[in-house]
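K.L.:
Have a look at the structure that comes next, please.
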Amino acid sequence: MDPFSHILLAYLLGFGVFGAQGLQYVVASAFAGALPDADVLLHPLAARFPLLRHRGISHSIVGVSAVAVVGTFLVPRLLAWGLGAGFGTGSPIYFFVALEVGGLSHVLLDAMDHWSVPIFAPFSKQEYHFDADRIMNFGAMSFTVFAYGIMLYERGRVGLWLWELTTDLLLIAALIYFAVRLAARWQAGRARVRLGFDDVIPQANPLIFLLHSRTESEGAIRIRVVRYHLVHGARGPSQILSLPVGSGTTPNVPPPEAALSLSYPAALAASWILGETHHFGKVAGVPGGFEVYWYSLEMASFGRAAGVLARVDMATGAVTTKTAWRNPERVFNRVG
């Protein structure tokens, strides 16, 4: 999730806890909302100490609490230096709570999507992700832009009561959004089990999910995907992709499946996104071979998806790739 959304959520939650009379704590909470991602500065040490990687221990309860303890003594001084003496005064306990609220809001927001966080590290290596929201959600981003815009506009222009009301309404809207997303995810999880799928992939519309499964057996990878609406159920039949493993262009493998098999390793090597997210592929014949579009089921918006367009020469087995941002349903109409 982007840092602006993290700061906004931490600010709103801090305001919900402390109100306008505790503005120094609200600002401290907003500051803490961005701190877990400072772990990127520790990247050179991550190879030797894996817990210091991005979305490592900094995205855990222990990590957030450790930062809050240290921040209790440092943040008030920083706020007083940057914003005025009034922002540096207050209860150390309240500053600790504010920093804890901001840091944990960051962890919660990161856990909403597919990329996981080790909430109980270092005591447990288990990582958690709710799969309740998109990695790229332009609706949520639009809310962030709107919230910043209206708060900046109101600054110095409206009375205190209206500013408080606006902030309360923004907080309520954010809480309703998360409640709807999590409730929808719970219902989608029940449908996943009932229909025999393994994974739930949220879409921009909180009522729509992709149900996904991937199995490997008898020399083939089988990927199955169906679009599921929480009210109307499955939207059409499942899409099934059968990908031979290690078959190359042997006579027993039909050419489209052989093209999928040949292009798959090259596509994974060309895009880290495919390796980090659930994905699917489409194939079409062209003179001398096939075009294959491997695309992410999660890094998608406005009908387009991040992926890799591969051209397979069936005479030589040569594969060329290029990354693309295309509509999977129309991708081959644009290949030239």
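Following the order of the structure tokens, chains are lettered A, B, ..., residues in each are numbered from 1, and ligands are numbered from 1.
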Can I get the residues of stretch 61-113 of chain A within 8 Å of stretch 21-43 of chain A, each with the closest pair of atoms and their distance in Å to one decimal, using only C-alpha atoms, sorted chain first then ascending number, as CSV?
P.N.:
```
residue,atom,partner,partner_atom,distance
A:Val64,CA,A:Pro36,CA,7.3
A:Val75,CA,A:Ala28,CA,7.0
A:Pro76,CA,A:Ala28,CA,7.9
A:Leu79,CA,A:Gln24,CA,7.9
A:Gly86,CA,A:Gln24,CA,7.6
A:Phe87,CA,A:Gln24,CA,4.7
A:Gly88,CA,A:Gln24,CA,7.0
A:Thr89,CA,A:Gln24,CA,7.8
A:Gly90,CA,A:Gln24,CA,7.9
A:Tyr94,CA,A:Tyr25,CA,6.9
A:Phe95,CA,A:Tyr25,CA,5.8
A:Ala98,CA,A:Ser29,CA,4.7
A:Leu99,CA,A:Ser29,CA,4.9
A:Glu100,CA,A:Ser29,CA,7.5
A:Val101,CA,A:Ser29,CA,6.3
A:Gly102,CA,A:Gly33,CA,4.3
A:Gly103,CA,A:Gly33,CA,5.0
A:Leu104,CA,A:Gly33,CA,7.8
A:Ser105,CA,A:Gly33,CA,6.6
A:His106,CA,A:Gly33,CA,5.4
A:Val107,CA,A:Pro36,CA,8.0
```
K.L.:
Those residues with C-alpha atoms, as a short mmCIF file (atom, residue, chain, number, x, y, z; two decimals), in the first residue's frame please?
P.N.:
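Writing the result to part_35.cif gives the following:
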```cif
data_model
loop_
_atom_site.label_atom_id
_atom_site.label_comp_id
_atom_site.auth_asym_id
_atom_site.auth_seq_id
_atom_site.Cartn_x
_atom_site.Cartn_y
_atom_site.Cartn_z
CA VAL A 64 5.86 -1.88 16.08
CA VAL A 75 8.96 11.75 18.50
CA PRO A 76 7.83 14.50 20.93
CA LEU A 79 7.34 17.29 16.70
CA GLY A 86 2.95 22.54 21.91
CA PHE A 87 3.26 19.37 19.82
CA GLY A 88 6.06 18.06 22.03
CA THR A 89 4.17 18.21 25.32
CA GLY A 90 1.98 15.47 26.70
CA TYR A 94 -0.35 8.62 25.32
CA PHE A 95 2.53 9.10 22.90
CA ALA A 98 -0.47 6.89 19.52
CA LEU A 99 2.65 5.38 17.98
CA GLU A 100 1.30 1.87 18.59
CA VAL A 101 -2.01 2.74 16.91
CA GLY A 102 -0.25 4.23 13.90
CA GLY A 103 2.19 1.34 13.50
CA LEU A 104 -0.43 -1.38 13.88
CA SER A 105 -2.70 0.38 11.38
CA HIS A 106 0.14 0.03 8.87
CA VAL A 107 0.42 -3.70 9.55
#
```
K.L.:
Apply DSSP to the structure's backbone, then extract all residues of stretch 28-90 of chain A labelled alpha helix (DSSP H) and return them as a ChimeraX atom specification.
P.N.:
/A:28-34,43-46,61-83
K.L.:
Find the residues near stretch 129-146 of chain A: any atom within 7 Å, counting only C-alpha atoms, skip ones fewer than 6 places away on the same chain, and give them as a PyMOL selection string.
P.N.:
chain A and resi 1+5+111-117+181-182+185+200-204+298-300
K.L.:
Go through A:His279, A:Gly285, A:Leu211, A:Ile150 one by one, measure the shortest atom-to-atom distance of each to A:Trp163 using only C-alpha atoms, and give the residue with the smallest value.
P.N.:
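Counting only C-alpha atoms, the residue closest to A:Trp163 is A:Ile150.
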K.L.:
Looking only at strand (DSSP E or B) from DSSP on the backbone, list the matching residues of stretch 190-306 of chain A as a PyMOL selection string.
P.N.:
chain A and resi 199-202+208-217+220-229+233-234+239-244+279-286+289-301+304-306
K.L.:
Find the residues around A:His229 up to 7 Å (only C-alpha atoms counted), leave out those fewer than 6 positions away in its own chain, and share them as a PyMOL selection string.
P.N.:
chain A and resi 207-209+235
K.L.:
Neighbouring residues of A:Ser263 were defined as those with any atom within 12 Å, considering only C-alpha atoms; residues of the same chain fewer than 5 positions away were excluded. Please report them as a ChimeraX atom specification.
P.N.:
/A:243-246,248-249,256-258,268-270,281-283,289-294,308-314,317-322
K.L.:
Could you write those residues out with N, CA and C atoms, as a CSV table (one decimal), in the first residue's frame?
P.N.:
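Ended up saving to result-v4.csv:
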```csv
chain,number,residue,atom,x,y,z
A,243,LEU,N,-0.9,-26.9,-18.3
A,243,LEU,CA,0.4,-26.6,-18.8
A,243,LEU,C,1.4,-27.7,-18.6
A,244,PRO,N,1.8,-28.4,-19.7
A,244,PRO,CA,2.7,-29.5,-19.6
A,244,PRO,C,4.1,-29.0,-18.9
A,245,VAL,N,4.6,-29.9,-18.1
A,245,VAL,CA,5.9,-29.5,-17.5
A,245,VAL,C,7.0,-30.4,-18.0
A,246,GLY,N,8.0,-29.8,-18.6
A,246,GLY,CA,9.1,-30.5,-19.2
A,246,GLY,C,8.8,-31.3,-20.4
A,248,GLY,N,8.3,-29.8,-23.5
A,248,GLY,CA,8.9,-29.2,-24.7
A,248,GLY,C,7.9,-29.3,-25.9
A,249,THR,N,8.5,-29.7,-27.0
A,249,THR,CA,7.6,-29.8,-28.2
A,249,THR,C,7.5,-31.2,-28.7
A,256,PRO,N,-0.5,-25.6,-29.0
A,256,PRO,CA,-0.8,-24.5,-28.0
A,256,PRO,C,-0.2,-24.8,-26.6
A,257,GLU,N,-0.4,-26.1,-26.2
A,257,GLU,CA,0.1,-26.4,-24.8
A,257,GLU,C,1.6,-26.4,-24.8
A,258,ALA,N,2.2,-26.8,-25.9
A,258,ALA,CA,3.7,-26.8,-26.0
A,258,ALA,C,4.2,-25.3,-25.9
A,268,LEU,N,8.2,-16.1,-16.3
A,268,LEU,CA,8.5,-15.9,-14.9
A,268,LEU,C,9.9,-15.2,-14.7
A,269,ALA,N,10.8,-15.5,-15.6
A,269,ALA,CA,12.1,-14.8,-15.5
A,269,ALA,C,12.0,-13.3,-15.9
A,270,ALA,N,11.1,-13.0,-16.7
A,270,ALA,CA,11.0,-11.6,-17.2
A,270,ALA,C,10.2,-10.7,-16.3
A,281,GLY,N,-2.7,-17.6,-18.2
A,281,GLY,CA,-2.1,-17.4,-19.5
A,281,GLY,C,-3.2,-17.6,-20.6
A,282,LYS,N,-2.9,-16.9,-21.7
A,282,LYS,CA,-3.8,-17.0,-22.9
A,282,LYS,C,-2.8,-17.2,-24.1
A,283,VAL,N,-3.2,-18.0,-25.1
A,283,VAL,CA,-2.4,-18.4,-26.2
A,283,VAL,C,-3.2,-18.2,-27.5
A,289,GLY,N,4.3,-19.7,-35.3
A,289,GLY,CA,4.4,-20.1,-33.9
A,289,GLY,C,3.1,-19.6,-33.2
A,290,PHE,N,3.4,-19.1,-31.9
A,290,PHE,CA,2.3,-18.7,-31.1
A,290,PHE,C,2.7,-17.4,-30.3
A,291,GLU,N,1.7,-16.7,-29.9
A,291,GLU,CA,1.8,-15.6,-28.9
A,291,GLU,C,1.1,-16.1,-27.6
A,292,VAL,N,1.8,-15.8,-26.5
A,292,VAL,CA,1.3,-16.2,-25.2
A,292,VAL,C,1.3,-15.0,-24.3
A,293,TYR,N,0.2,-14.7,-23.6
A,293,TYR,CA,0.2,-13.6,-22.7
A,293,TYR,C,0.0,-14.2,-21.3
A,294,TRP,N,1.1,-14.1,-20.5
A,294,TRP,CA,1.0,-14.5,-19.1
A,294,TRP,C,0.7,-13.3,-18.3
A,308,VAL,N,3.5,-10.6,-19.2
A,308,VAL,CA,4.6,-10.8,-20.1
A,308,VAL,C,4.0,-11.3,-21.4
A,309,LEU,N,4.3,-10.7,-22.5
A,309,LEU,CA,3.9,-11.1,-23.8
A,309,LEU,C,5.1,-11.9,-24.4
A,310,ALA,N,4.8,-13.2,-24.7
A,310,ALA,CA,5.9,-14.1,-25.2
A,310,ALA,C,5.5,-14.5,-26.7
A,311,ARG,N,6.5,-14.5,-27.5
A,311,ARG,CA,6.4,-15.1,-28.9
A,311,ARG,C,7.2,-16.4,-28.9
A,312,VAL,N,6.6,-17.5,-29.3
A,312,VAL,CA,7.2,-18.8,-29.4
A,312,VAL,C,7.4,-19.2,-30.9
A,313,ASP,N,8.6,-19.4,-31.3
A,313,ASP,CA,8.9,-20.0,-32.6
A,313,ASP,C,8.8,-21.5,-32.5
A,314,MET,N,7.8,-22.1,-33.0
A,314,MET,CA,7.6,-23.6,-32.8
A,314,MET,C,8.6,-24.4,-33.7
A,317,GLY,N,11.8,-23.5,-31.2
A,317,GLY,CA,11.6,-23.5,-29.8
A,317,GLY,C,12.1,-22.2,-29.1
A,318,ALA,N,12.5,-21.2,-29.9
A,318,ALA,CA,13.0,-19.9,-29.3
A,318,ALA,C,11.8,-19.1,-28.8
A,319,VAL,N,12.1,-18.5,-27.6
A,319,VAL,CA,11.1,-17.7,-27.0
A,319,VAL,C,11.6,-16.3,-26.7
A,320,THR,N,10.9,-15.3,-27.1
A,320,THR,CA,11.2,-13.9,-26.9
A,320,THR,C,10.1,-13.3,-26.0
A,321,THR,N,10.4,-12.4,-25.1
A,321,THR,CA,9.5,-11.8,-24.2
A,321,THR,C,9.6,-10.3,-24.1
A,322,LYS,N,8.5,-9.7,-23.7
A,322,LYS,CA,8.5,-8.3,-23.3
A,322,LYS,C,7.4,-8.1,-22.3
```
K.L.:
I'd like the contact shell of A:Glu216 - 10 Å cut-off, only C-alpha atoms, skipping same-chain residues fewer than 2 positions apart - returned as number ranges by chain.
P.N.:
A: 214, 218-223, 242-245
K.L.:
Those residues with N, CA, C and O atoms, as a compact mmCIF listing (two decimals), in the first residue's frame please?
P.N.:
```txt
# COMPACT_ATOMS: atom_id res chain seq x y z
N ARG A 214 -4.54 -24.22 -8.17
CA ARG A 214 -3.40 -24.66 -8.97
C ARG A 214 -2.95 -26.01 -8.44
O ARG A 214 -2.68 -26.18 -7.25
N GLU A 218 1.00 -35.62 -12.74
CA GLU A 218 1.16 -36.33 -14.01
C GLU A 218 1.82 -35.44 -15.07
O GLU A 218 1.37 -35.38 -16.22
N GLY A 219 2.85 -34.73 -14.67
CA GLY A 219 3.62 -33.94 -15.63
C GLY A 219 2.94 -32.70 -16.15
O GLY A 219 3.29 -32.21 -17.23
N ALA A 220 1.98 -32.17 -15.42
CA ALA A 220 1.27 -30.98 -15.88
C ALA A 220 0.87 -30.10 -14.71
O ALA A 220 0.62 -30.58 -13.60
N ILE A 221 0.83 -28.80 -14.96
CA ILE A 221 0.28 -27.83 -14.02
C ILE A 221 -1.11 -27.47 -14.50
O ILE A 221 -1.30 -27.14 -15.67
N ARG A 222 -2.08 -27.53 -13.62
CA ARG A 222 -3.46 -27.22 -13.98
C ARG A 222 -3.92 -26.02 -13.15
O ARG A 222 -3.91 -26.07 -11.92
N ILE A 223 -4.27 -24.94 -13.83
CA ILE A 223 -4.74 -23.72 -13.17
C ILE A 223 -6.22 -23.53 -13.51
O ILE A 223 -6.60 -23.58 -14.69
N SER A 242 -4.12 -25.94 -18.81
CA SER A 242 -3.30 -27.12 -18.57
C SER A 242 -1.93 -26.88 -19.18
O SER A 242 -1.80 -26.66 -20.39
N LEU A 243 -0.92 -26.91 -18.35
CA LEU A 243 0.43 -26.55 -18.76
C LEU A 243 1.37 -27.75 -18.59
O LEU A 243 1.71 -28.12 -17.46
N PRO A 244 1.80 -28.40 -19.68
CA PRO A 244 2.75 -29.51 -19.55
C PRO A 244 4.06 -29.04 -18.95
O PRO A 244 4.54 -27.95 -19.24
N VAL A 245 4.63 -29.86 -18.10
CA VAL A 245 5.90 -29.54 -17.45
C VAL A 245 6.99 -30.43 -18.03
O VAL A 245 6.89 -31.65 -18.00
```
K.L.:
Compare A:Leu51, A:Ile61, A:Ala80, A:Leu230 by their minimum atom-to-atom distance to A:Arg190, counting only C-alpha atoms, and give me the closest one.
P.N.:
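Answer, going by the shortest atom-to-atom distance: A:Leu230.
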K.L.:
Rounded to one decimal, what separation in Å do you get between atom CA of A:Ala305 and atom CA of A:Asp110?
P.N.:
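Between atom CA of A:Ala305 and atom CA of A:Asp110 the gap is 20.9 Å.
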K.L.:
May I have the residues within 8 Å of A:Val62 as number ranges by chain, using only C-alpha atoms and disregarding those fewer than 3 positions away in the same chain?
P.N.:
A: 57-58, 65-66, 120-122
K.L.:
Considering only C-alpha atoms, can you say which of A:Leu170, A:Leu297, A:Val331, A:Leu152 comes closest to A:Tyr11?
P.N.:
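Distance minimum relative to A:Tyr11 lands on A:Leu170.
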K.L.:
Report the distance between atom CA of A:Leu274 and atom CA of A:Ser296 in Å, rounded to one decimal place.
P.N.:
5.8 Å
K.L.:
Give me, please, the distance in Å between atom CA of A:Ser238 and atom CA of A:Arg304, quoted to one decimal.
P.N.:
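Distance between the two atoms: 19.9 Å.
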